[in-house]
Amino acid sequence: MKLYKLLTKSKTPLILSSLRFKPSALIARHNVGVEIRKVKERLNEIKDARERYGIQNLGEDGDAYNLVSIIRRPHFSSQYSDDANVVGLFNDQKILLERLMDQQQQRLCVISIVGIGGLGKTTLARKLYLDNAVSNHFDKRIWVTVSQENSLMGLLRKMLEEVREIEKEKLEKMTKNDLIEMINGSLGTHRFLIVLDDIWREDVWNQMQRSFPNVNNGSRVLITTRFLNVAKEADPRSTPYQLPLLNDDESMKLLLKKAFPYEDAEANCTSELLDIGCRLMQKCGGLPLALVVLGGLLSTKDKTPVVWRRVLETLDWAEEGRQCQEILAWSYEDLPYDMKSCFLYLGAYPEDYEISGNELIWQWIAEGFIPQKNMKTMEDTGEAILEELIQRSLIHVNTRKSNGSVKKCGVHDLLLYFARCAAKKDLFLTVCSNENDQPTYLASSRRVAFHNVNDTKINEISRASTMHGLRTLMAFGLLYPPIDSPIFRFELLRVLDLTELTSVQRLPKEIELMIHLRYLRLVGVDFRLPSSVGNFQSLETVLLRQVTEVPITLWKIKTLRHVQIKFMCTPSQSLELKNLRTLENVEFGSYKTINWRFPNLRKLKVLIHTEHQGTMLTHLLCGLYHLISLFILALEDCPLEIDTKDFPFHNHLLSLTLFGFWPKGGAISEFPTCLTKLELGDSRLEQDPMPKLERLQYLVTLELSQNVYLGKTMVCSTGGLPSLKSLFIDTMPNLEEWRVERGAMPKLAFLKLISCEMLKVFPDLQHVMSLQELELRHMSQELMLSLQREAGEDWYKIQHVPKLTLEEW
């Protein structure tokens with residue numbers, strides 16, 4: 001930077017003075033000029049990225065304190081999950097709560113929420129489903145998303161999986177009557193609530209209702225539907241609840257909430273801006289989805305009357321009944337070019353599908369949608385794009401990780417429909433979603449997604465069409481593809497994503513011709529990955545479930561970025577993968593030494609089972625400078641003797657999981673200061689771990705399981721664990737006293753205690769007013785008696801907690 005200031009400060013003409021220099025000096029000056037231009041370009045890129053994504057200045061050392069400040073900035077907050085759930089639904093929720101828990105009506109009632117798409121039916125149903133009073137009233141609750149694309153058998157399997165654990169292979173072999181009988185038996189005499197979200201046809205209800213036993217105990221079925229006839233057919237004696245549109249006050253509140261996500265709208269919205277906003281609001285017709293998407297669009301614009309008026313004048317409001325579609329179209333057209341492809345790609349997923357945030361970003365990278373920018377990885381750029389799509393309300397967040405990044409996300413079905421229509425028009429993507437649909441333009445499409453289409457139909461379509469140019473193939477619900485299926489013969493594929501496979505035990509030889517593959521996701525039963533995978537020299541992402549063998553040739557692919565394999569695998573003894581970011585479930589095998597170099601690794605999951613492997617692990621960790629997630633599983637009494645403070649990633653690590661004992665029951669070493677998630681298991685510590693743990697000021701989730709601590713007393717002191725929201729403690733067999741001082745864990749929302757049988761007195765949590773849910777299982781009878789509702793002597797300690805689950809042995 002000093003050189004930059006010195007060179008740019010001089011005003012002396014360089015042309016004349018340069019004549020006195022030798023050619024080598026001129027070349028040197030030219031090189032300096034090139035470097036200066038590069039510095040300027042990088043500074044401009046950083047400035048643009050900061051302004052666009054709201055990133056504050058980073059410290060020069062780039063330590064994890066600054067990383068955490070980025071992760072915790074408003075841009076990564078959970079406020080984008082769905083603001084419609086806090087506007088205009090209070091009275092609706094109150095009315096339906098009374099109907100759900102009406103003690104006068106003991107028969108099995110069906111309560112229907114009816115309304116047009118985008119009105120907030122699912123949001124309201126979700127609020128009811130998660131309401132603390134509802135969870136305490138019903139013994140069992142099941143949520144099933146129906147939609148247009150799900151088959152009856154698929155829905156019954158989903159329901160059975162919700163009520164009892166069952167092996168997937170056994171589940172797939174069951175008939176419809178078997179499934180119905182088993183669901184009936186599992187529900188039995190329990191008082192249950194079943195939510196069937198988004199029912200489209202009367203026959204779906206008629207076939208599913210046999211699964212619900214009616215024993216006159218106040219059980220309920222709650223359905224959401226766009227069609228009044230479906231609601232009336234489900235229960236003629238129950239009046240459907242027709243969800244109203246938002247009124248003007250509610251509409252304006254929702255629009256401004258989305259348009260000013262980080263600010264006080266009332267304080268920052270001028271009267272002129274408010275007037276234009278009111279006119280925009282009225283055009284949305286009280287439809288929450290239209291208001292949310294329009295507000296998300298406005299949040300990316302300058303908050304000036306000129307800009308807002310341009311939005312008002314640009315939108316074509318002429319045709320009645322098309323306000324929402326017009327807003328969706330305008331919001332899509334307003335996207336930067338690279339984001340349009342990212343949004344259209346969402347159309348490949350089925351309705352109401354929970355999309356993995358990581359896998360979506362990795363698919364975008366494989367498709368070439370994410371540009372490579374200086375000083376940013378493509379994964380970071382992809383995450384920023386995902387967050388902007390969320391801010392614009394084109395995607396909603398289902399769950400976030402403890403570090404704030406998106407874990408699962410989804411798309412409203414109207415937005416999904418829009419994405420598919422736009423993708424079809426541009427020949428970007430074709431979705432074949434039922435057995436009677438055979439698109440005529442499959443041959444021209446670069447991307448095809450099959451939804452619950454059987455392998456016979458896929459074979460027919462694939463062979464009848466000339467899909468030689470296919471780049472992406474995704475199949476959902478394809479259970480039994482034959483070994484000669486044409487899905488393995490498209491030689492130009494970049495993305496092959498097959499979920500829910502149950503019968504593939506080997507892959508055909510033809511797969512070796514897919515040399516352009518960048519993204520490979522296979523979910524199968526005990527199949528072997530062929531050695532020909534080494535031909536895929538452009539492969540970036542490999543996601544395998546239940547594979548039994550990984551060939552050594554996989555590790556010779558230099559382009560690998562993300563490798564997730566469900567079972568433990570052993571890479572080559574000597575290996576260098578400079579692009580690798582994710583490596584899950586690896587072990588050292590029988591090697592005595594390793595030479596693994598992964599200089600850009602972000603996430604590592606590793607198993608050790610002999611003592612010398614601890615030294616090998618230390619050697620590996622010393623070369624990881626960018627690690628943010630580390631999982632270590634030590635088996636066969638292999639000691640964990642690593643001290644993370646000695647490793648270069650110490651000030652960057654956000655998630656740490658350590659399963660294995662600490663030698664001689666010694667004290668825990670110093671933990672990385674910026675952890676947001678920590679899991680410890682089988683540590684067998686003799687000293688109270690809390691004095692060290694409670695210093696972790698950014699920790700959000702803490703899990704202590706299977707004999708982490710063998711002592712009798714544990715103390716959480718005042719001011720400790722200031723950011724903790726979730727605490728799980730499982731099996732501390734000697735714990736007799738747990739003291740929680742006033743002011744400890746001030747943000748704790750969820751607490752779960754299991755199998756701490758020696759604990760006779762519950763800690764005083766009456767001052768932890770943030771606690772929303774408490775779960776106690778397999779605790780001593782004495783403790784459980786002291787916490788009995790109203791009657792127990794320690795009831796006062798937990799009576800403020802909305803949701804309680806208390807189970808003895």
# chains A, B, ... in the order shown; residues from 1 in each chain; ligands from 1
call {"tool": "residues_around", "arguments": {"residues": "stretch 237-242 of chain A", "least_positions_apart": "2", "cutoff": "10 Å", "atoms": "only C-alpha atoms", "output": "PyMOL selection string"}}
result
chain A and resi 92+95-96+99+109-116+121+223-226+228-235+244-245
call {"tool": "closest_atom_pairs", "arguments": {"of": "stretch 341-433 of chain A", "to": "stretch 193-203 of chain A", "cutoff": "12 Å", "atoms": "only C-alpha atoms", "output": "tab-separated table"}}
result
residue	atom	partner	partner_atom	distance
A:Glu351	CA	A:Asp198	CA	10.1
A:Asp352	CA	A:Asp198	CA	9.6
A:His412	CA	A:Asp198	CA	11.6
A:Asp413	CA	A:Asp198	CA	9.9
call {"tool": "write_last_selection", "arguments": {"atoms": "N, CA and C atoms", "output": "PDB file, in the first residue's frame"}}
result
ATOM      1  N   GLU A 351     -42.325 -29.981  -5.888  1.00  0.00           N
ATOM      2  CA  GLU A 351     -43.020 -29.061  -4.989  1.00  0.00           C
ATOM      3  C   GLU A 351     -42.710 -29.427  -3.537  1.00  0.00           C
ATOM      4  N   ASP A 352     -42.511 -28.389  -2.712  1.00  0.00           N
ATOM      5  CA  ASP A 352     -42.323 -28.545  -1.267  1.00  0.00           C
ATOM      6  C   ASP A 352     -41.110 -29.398  -0.914  1.00  0.00           C
ATOM      7  N   HIS A 412     -41.810 -21.348  -2.815  1.00  0.00           N
ATOM      8  CA  HIS A 412     -43.277 -21.353  -2.836  1.00  0.00           C
ATOM      9  C   HIS A 412     -43.750 -21.929  -4.167  1.00  0.00           C
ATOM     10  N   ASP A 413     -44.869 -22.673  -4.147  1.00  0.00           N
ATOM     11  CA  ASP A 413     -45.269 -23.375  -5.369  1.00  0.00           C
ATOM     12  C   ASP A 413     -45.613 -22.429  -6.518  1.00  0.00           C
TER      13      ASP A 413
END
call {"tool": "select_by_dssp", "arguments": {"residues": "stretch 204-271 of chain A", "states": "strand (DSSP E or B)", "output": "MDAnalysis selection string"}}
result
chainID A and resid 220:225 241:242
call {"tool": "write_last_selection", "arguments": {"atoms": "all heavy atoms", "output": "PDB file, in the first residue's frame"}}
result
ATOM      1  N   ARG A 220     -57.528 -34.771  15.464  1.00  0.00           N
ATOM      2  CA  ARG A 220     -57.880 -33.828  14.405  1.00  0.00           C
ATOM      3  C   ARG A 220     -57.014 -34.058  13.165  1.00  0.00           C
ATOM      4  O   ARG A 220     -55.856 -34.483  13.256  1.00  0.00           O
ATOM      5  CB  ARG A 220     -57.659 -32.374  14.872  1.00  0.00           C
ATOM      6  CG  ARG A 220     -58.513 -31.933  16.051  1.00  0.00           C
ATOM      7  CD  ARG A 220     -59.974 -31.726  15.646  1.00  0.00           C
ATOM      8  NE  ARG A 220     -60.758 -31.194  16.744  1.00  0.00           N
ATOM      9  CZ  ARG A 220     -61.471 -31.953  17.580  1.00  0.00           C
ATOM     10  NH1 ARG A 220     -61.477 -33.267  17.435  1.00  0.00           N
ATOM     11  NH2 ARG A 220     -62.170 -31.386  18.548  1.00  0.00           N
ATOM     12  N   VAL A 221     -57.620 -33.758  12.014  1.00  0.00           N
ATOM     13  CA  VAL A 221     -56.877 -33.673  10.761  1.00  0.00           C
ATOM     14  C   VAL A 221     -57.041 -32.251  10.246  1.00  0.00           C
ATOM     15  O   VAL A 221     -58.170 -31.751  10.141  1.00  0.00           O
ATOM     16  CB  VAL A 221     -57.398 -34.673   9.711  1.00  0.00           C
ATOM     17  CG1 VAL A 221     -56.652 -34.494   8.390  1.00  0.00           C
ATOM     18  CG2 VAL A 221     -57.249 -36.104  10.210  1.00  0.00           C
ATOM     19  N   LEU A 222     -55.927 -31.585   9.971  1.00  0.00           N
ATOM     20  CA  LEU A 222     -55.935 -30.218   9.443  1.00  0.00           C
ATOM     21  C   LEU A 222     -55.442 -30.254   8.006  1.00  0.00           C
ATOM     22  O   LEU A 222     -54.351 -30.763   7.739  1.00  0.00           O
ATOM     23  CB  LEU A 222     -55.032 -29.320  10.291  1.00  0.00           C
ATOM     24  CG  LEU A 222     -54.878 -27.860   9.853  1.00  0.00           C
ATOM     25  CD1 LEU A 222     -56.193 -27.110  10.003  1.00  0.00           C
ATOM     26  CD2 LEU A 222     -53.778 -27.163  10.666  1.00  0.00           C
ATOM     27  N   ILE A 223     -56.264 -29.762   7.072  1.00  0.00           N
ATOM     28  CA  ILE A 223     -55.834 -29.764   5.674  1.00  0.00           C
ATOM     29  C   ILE A 223     -55.811 -28.340   5.133  1.00  0.00           C
ATOM     30  O   ILE A 223     -56.570 -27.476   5.595  1.00  0.00           O
ATOM     31  CB  ILE A 223     -56.729 -30.658   4.783  1.00  0.00           C
ATOM     32  CG1 ILE A 223     -58.110 -30.013   4.561  1.00  0.00           C
ATOM     33  CG2 ILE A 223     -56.874 -32.050   5.373  1.00  0.00           C
ATOM     34  CD1 ILE A 223     -58.959 -30.766   3.549  1.00  0.00           C
ATOM     35  N   THR A 224     -54.913 -28.106   4.185  1.00  0.00           N
ATOM     36  CA  THR A 224     -54.917 -26.843   3.438  1.00  0.00           C
ATOM     37  C   THR A 224     -55.183 -27.173   1.980  1.00  0.00           C
ATOM     38  O   THR A 224     -54.679 -28.169   1.457  1.00  0.00           O
ATOM     39  CB  THR A 224     -53.576 -26.091   3.557  1.00  0.00           C
ATOM     40  OG1 THR A 224     -52.559 -26.802   2.843  1.00  0.00           O
ATOM     41  CG2 THR A 224     -53.164 -25.931   5.011  1.00  0.00           C
ATOM     42  N   THR A 225     -55.995 -26.370   1.330  1.00  0.00           N
ATOM     43  CA  THR A 225     -56.358 -26.623  -0.062  1.00  0.00           C
ATOM     44  C   THR A 225     -56.817 -25.334  -0.726  1.00  0.00           C
ATOM     45  O   THR A 225     -57.260 -24.397  -0.045  1.00  0.00           O
ATOM     46  CB  THR A 225     -57.470 -27.690  -0.161  1.00  0.00           C
ATOM     47  OG1 THR A 225     -57.796 -27.910  -1.536  1.00  0.00           O
ATOM     48  CG2 THR A 225     -58.730 -27.247   0.589  1.00  0.00           C
ATOM     49  N   TYR A 241     -62.584 -23.182   6.763  1.00  0.00           N
ATOM     50  CA  TYR A 241     -62.154 -21.826   7.147  1.00  0.00           C
ATOM     51  C   TYR A 241     -61.512 -21.172   5.933  1.00  0.00           C
ATOM     52  O   TYR A 241     -60.439 -21.573   5.488  1.00  0.00           O
ATOM     53  CB  TYR A 241     -61.149 -21.884   8.308  1.00  0.00           C
ATOM     54  CG  TYR A 241     -60.805 -20.513   8.838  1.00  0.00           C
ATOM     55  CD1 TYR A 241     -61.645 -19.860   9.734  1.00  0.00           C
ATOM     56  CD2 TYR A 241     -59.662 -19.844   8.421  1.00  0.00           C
ATOM     57  CE1 TYR A 241     -61.359 -18.599  10.221  1.00  0.00           C
ATOM     58  CE2 TYR A 241     -59.357 -18.574   8.888  1.00  0.00           C
ATOM     59  CZ  TYR A 241     -60.219 -17.968   9.788  1.00  0.00           C
ATOM     60  OH  TYR A 241     -59.938 -16.702  10.251  1.00  0.00           O
ATOM     61  N   GLN A 242     -62.204 -20.180   5.383  1.00  0.00           N
ATOM     62  CA  GLN A 242     -61.716 -19.502   4.184  1.00  0.00           C
ATOM     63  C   GLN A 242     -60.844 -18.313   4.601  1.00  0.00           C
ATOM     64  O   GLN A 242     -61.347 -17.330   5.141  1.00  0.00           O
ATOM     65  CB  GLN A 242     -62.886 -19.066   3.304  1.00  0.00           C
ATOM     66  CG  GLN A 242     -63.729 -20.253   2.844  1.00  0.00           C
ATOM     67  CD  GLN A 242     -64.714 -19.901   1.759  1.00  0.00           C
ATOM     68  OE1 GLN A 242     -64.345 -19.360   0.720  1.00  0.00           O
ATOM     69  NE2 GLN A 242     -65.991 -20.226   1.982  1.00  0.00           N
TER      70      GLN A 242
END
call {"tool": "closest_residue", "arguments": {"among": "A:Arg581, A:Gln537, A:Ile552, A:Trp143", "to": "A:Met378", "atoms": "only C-alpha atoms"}}
result
A:Arg581
call {"tool": "closest_residue", "arguments": {"among": "A:Thr615, A:Asn452, A:Thr676, A:Ser271", "to": "A:Ser151", "atoms": "only C-alpha atoms"}}
result
A:Asn452
call {"tool": "residues_around", "arguments": {"residues": "stretch 559-567 of chain A", "least_positions_apart": "3", "cutoff": "7 Å", "atoms": "only C-alpha atoms", "output": "PyMOL selection string"}}
result
chain A and resi 537-546+579-585
call {"tool": "closest_residue", "arguments": {"among": "A:Asp334, A:Glu703, A:Glu793, A:Asp275", "to": "A:Leu298", "atoms": "only C-alpha atoms"}}
result
A:Asp334
call {"tool": "atom_distance", "arguments": {"atom1": "atom CA of A:Glu333", "atom2": "atom CA of A:Val293"}}
result
12.8 Å
call {"tool": "closest_residue", "arguments": {"among": "A:Arg695, A:Arg742, A:His800, A:Lys258", "to": "A:Met281", "atoms": "only C-alpha atoms"}}
result
A:Lys258
call {"tool": "residues_around", "arguments": {"residues": "stretch 414-418 of chain A", "least_positions_apart": "2", "cutoff": "8 Å", "atoms": "only C-alpha atoms", "output": "list in words"}}
result
Gly117, Gly118, Gln325, Leu328, Ala329, Leu346, Gly347, Glu351, Leu394, Val411, His412, Arg420, Cys421 and Ala422 of chain A
call {"tool": "write_last_selection", "arguments": {"atoms": "N, CA, C and O atoms", "output": "CSV table (one decimal), in the first residue's frame"}}
result
chain,number,residue,atom,x,y,z
A,117,GLY,N,-53.7,-19.6,-4.0
A,117,GLY,CA,-52.2,-19.7,-3.8
A,117,GLY,C,-51.6,-18.4,-3.4
A,117,GLY,O,-51.9,-17.3,-3.9
A,118,GLY,N,-50.6,-18.5,-2.5
A,118,GLY,CA,-49.9,-17.3,-2.1
A,118,GLY,C,-50.6,-16.6,-0.9
A,118,GLY,O,-50.2,-15.5,-0.5
A,325,GLN,N,-48.5,-12.6,-10.7
A,325,GLN,CA,-47.6,-13.1,-11.8
A,325,GLN,C,-46.8,-12.0,-12.4
A,325,GLN,O,-45.6,-12.2,-12.7
A,328,LEU,N,-44.0,-11.3,-9.9
A,328,LEU,CA,-43.0,-12.3,-10.0
A,328,LEU,C,-42.1,-12.1,-11.3
A,328,LEU,O,-40.9,-12.3,-11.2
A,329,ALA,N,-42.7,-11.8,-12.4
A,329,ALA,CA,-42.0,-11.6,-13.6
A,329,ALA,C,-41.1,-10.4,-13.5
A,329,ALA,O,-39.9,-10.5,-14.0
A,346,LEU,N,-34.1,-23.8,-9.8
A,346,LEU,CA,-34.9,-24.3,-8.7
A,346,LEU,C,-36.1,-25.0,-9.2
A,346,LEU,O,-36.7,-25.9,-8.5
A,347,GLY,N,-36.5,-24.7,-10.5
A,347,GLY,CA,-37.6,-25.4,-11.1
A,347,GLY,C,-37.5,-26.9,-11.2
A,347,GLY,O,-38.4,-27.6,-11.4
A,351,GLU,N,-42.3,-30.0,-5.9
A,351,GLU,CA,-43.0,-29.1,-5.0
A,351,GLU,C,-42.7,-29.4,-3.5
A,351,GLU,O,-42.6,-30.6,-3.2
A,394,LEU,N,-37.5,-14.7,-3.2
A,394,LEU,CA,-37.7,-15.7,-4.2
A,394,LEU,C,-37.5,-17.1,-3.7
A,394,LEU,O,-37.8,-18.1,-4.4
A,411,VAL,N,-39.0,-23.3,-2.1
A,411,VAL,CA,-39.6,-22.4,-3.0
A,411,VAL,C,-41.1,-22.5,-2.9
A,411,VAL,O,-41.7,-23.6,-3.0
A,412,HIS,N,-41.8,-21.3,-2.8
A,412,HIS,CA,-43.3,-21.4,-2.8
A,412,HIS,C,-43.7,-21.9,-4.2
A,412,HIS,O,-43.1,-21.7,-5.2
A,420,ARG,N,-40.5,-22.7,-13.6
A,420,ARG,CA,-40.6,-23.8,-14.6
A,420,ARG,C,-41.2,-23.2,-16.0
A,420,ARG,O,-40.7,-23.6,-17.0
A,421,CYS,N,-42.1,-22.3,-15.9
A,421,CYS,CA,-42.7,-21.7,-17.1
A,421,CYS,C,-41.6,-20.9,-17.9
A,421,CYS,O,-41.4,-21.1,-19.1
A,422,ALA,N,-40.8,-20.1,-17.1
A,422,ALA,CA,-39.8,-19.3,-17.7
A,422,ALA,C,-38.7,-20.2,-18.3
A,422,ALA,O,-38.1,-20.0,-19.3
call {"tool": "closest_residue", "arguments": {"among": "A:Thr472, A:Thr304, A:Asn535, A:Asn206", "to": "A:Gly368", "atoms": "only C-alpha atoms"}}
result
A:Thr472
call {"tool": "residues_around", "arguments": {"residues": "stretch 424-434 of chain A", "least_positions_apart": "4", "cutoff": "7 Å", "atoms": "only C-alpha atoms", "output": "ChimeraX atom specification"}}
result
/A:149,348,420,438,442,444-453
call {"tool": "select_by_dssp", "arguments": {"residues": "stretch 173-233 of chain A", "states": "alpha helix (DSSP H)", "output": "list in words"}}
result
Lys173, Lys176, Asn177, Asp178, Leu179, Ile180, Glu181, Met182, Ile183, Asn184, Gly185, Ser186, Leu187, Glu202, Asp203, Val204, Trp205, Asn206, Gln207, Met208, Leu228, Asn229, Val230, Ala231, Lys232 and Glu233 of chain A
call {"tool": "write_last_selection", "arguments": {"atoms": "C-alpha atoms", "output": "tab-separated table (two decimals), in the first residue's frame"}}
result
chain	number	residue	atom	x	y	z
A	173	LYS	CA	-42.13	-53.81	-0.24
A	176	LYS	CA	-51.18	-50.01	0.24
A	177	ASN	CA	-53.28	-52.03	2.69
A	178	ASP	CA	-50.17	-52.96	4.68
A	179	LEU	CA	-49.24	-49.31	5.02
A	180	ILE	CA	-52.74	-48.24	6.05
A	181	GLU	CA	-53.01	-50.98	8.66
A	182	MET	CA	-49.63	-50.19	10.14
A	183	ILE	CA	-50.39	-46.45	10.33
A	184	ASN	CA	-53.70	-47.26	12.05
A	185	GLY	CA	-51.97	-49.51	14.52
A	186	SER	CA	-49.24	-46.97	15.28
A	187	LEU	CA	-51.70	-44.16	15.91
A	202	GLU	CA	-60.98	-35.18	-3.59
A	203	ASP	CA	-59.84	-38.72	-4.35
A	204	VAL	CA	-56.56	-38.17	-2.49
A	205	TRP	CA	-58.48	-37.49	0.71
A	206	ASN	CA	-60.89	-40.38	0.11
A	207	GLN	CA	-58.00	-42.82	-0.15
A	208	MET	CA	-55.97	-41.43	2.75
A	228	LEU	CA	-63.64	-25.56	-1.54
A	229	ASN	CA	-65.05	-28.83	-2.90
A	230	VAL	CA	-62.05	-30.73	-1.50
A	231	ALA	CA	-62.65	-29.20	1.94
A	232	LYS	CA	-66.37	-30.03	1.91
A	233	GLU	CA	-65.71	-33.59	0.76
call {"tool": "residues_around", "arguments": {"residues": "A:Ser717", "least_positions_apart": "3", "cutoff": "10 Å", "atoms": "only C-alpha atoms", "output": "ChimeraX atom specification"}}
result
/A:690-691,694,714,720-721,739-745
call {"tool": "residues_around", "arguments": {"residues": "A:Glu782", "least_positions_apart": "2", "cutoff": "9 Å", "atoms": "only C-alpha atoms", "output": "list in words"}}
result
Leu759, Lys760, Val761, Met779, Ser780, Met784, Leu785, Ser786 and Leu787 of chain A
call {"tool": "write_last_selection", "arguments": {"atoms": "N, CA and C atoms", "output": "PDB file, in the first residue's frame"}}
result
ATOM      1  N   LEU A 759     -28.955 -37.239  39.105  1.00  0.00           N
ATOM      2  CA  LEU A 759     -29.369 -35.853  39.346  1.00  0.00           C
ATOM      3  C   LEU A 759     -30.722 -35.860  40.049  1.00  0.00           C
ATOM      4  N   LYS A 760     -30.749 -35.419  41.310  1.00  0.00           N
ATOM      5  CA  LYS A 760     -31.979 -35.464  42.105  1.00  0.00           C
ATOM      6  C   LYS A 760     -32.675 -34.115  42.197  1.00  0.00           C
ATOM      7  N   VAL A 761     -31.905 -33.018  42.030  1.00  0.00           N
ATOM      8  CA  VAL A 761     -32.481 -31.674  42.133  1.00  0.00           C
ATOM      9  C   VAL A 761     -32.242 -30.938  40.823  1.00  0.00           C
ATOM     10  N   MET A 779     -34.786 -39.780  33.353  1.00  0.00           N
ATOM     11  CA  MET A 779     -34.213 -39.161  34.547  1.00  0.00           C
ATOM     12  C   MET A 779     -34.743 -39.891  35.789  1.00  0.00           C
ATOM     13  N   SER A 780     -34.206 -39.542  36.963  1.00  0.00           N
ATOM     14  CA  SER A 780     -34.602 -40.239  38.185  1.00  0.00           C
ATOM     15  C   SER A 780     -36.059 -39.937  38.540  1.00  0.00           C
ATOM     16  N   MET A 784     -38.251 -36.274  38.641  1.00  0.00           N
ATOM     17  CA  MET A 784     -39.485 -36.088  37.885  1.00  0.00           C
ATOM     18  C   MET A 784     -40.657 -35.750  38.800  1.00  0.00           C
ATOM     19  N   LEU A 785     -40.684 -36.325  39.982  1.00  0.00           N
ATOM     20  CA  LEU A 785     -41.752 -36.004  40.938  1.00  0.00           C
ATOM     21  C   LEU A 785     -41.663 -34.556  41.392  1.00  0.00           C
ATOM     22  N   SER A 786     -40.436 -34.057  41.547  1.00  0.00           N
ATOM     23  CA  SER A 786     -40.268 -32.672  42.011  1.00  0.00           C
ATOM     24  C   SER A 786     -40.699 -31.660  40.956  1.00  0.00           C
ATOM     25  N   LEU A 787     -40.814 -32.117  39.695  1.00  0.00           N
ATOM     26  CA  LEU A 787     -41.176 -31.208  38.608  1.00  0.00           C
ATOM     27  C   LEU A 787     -42.612 -31.394  38.136  1.00  0.00           C
TER      28      LEU A 787
END
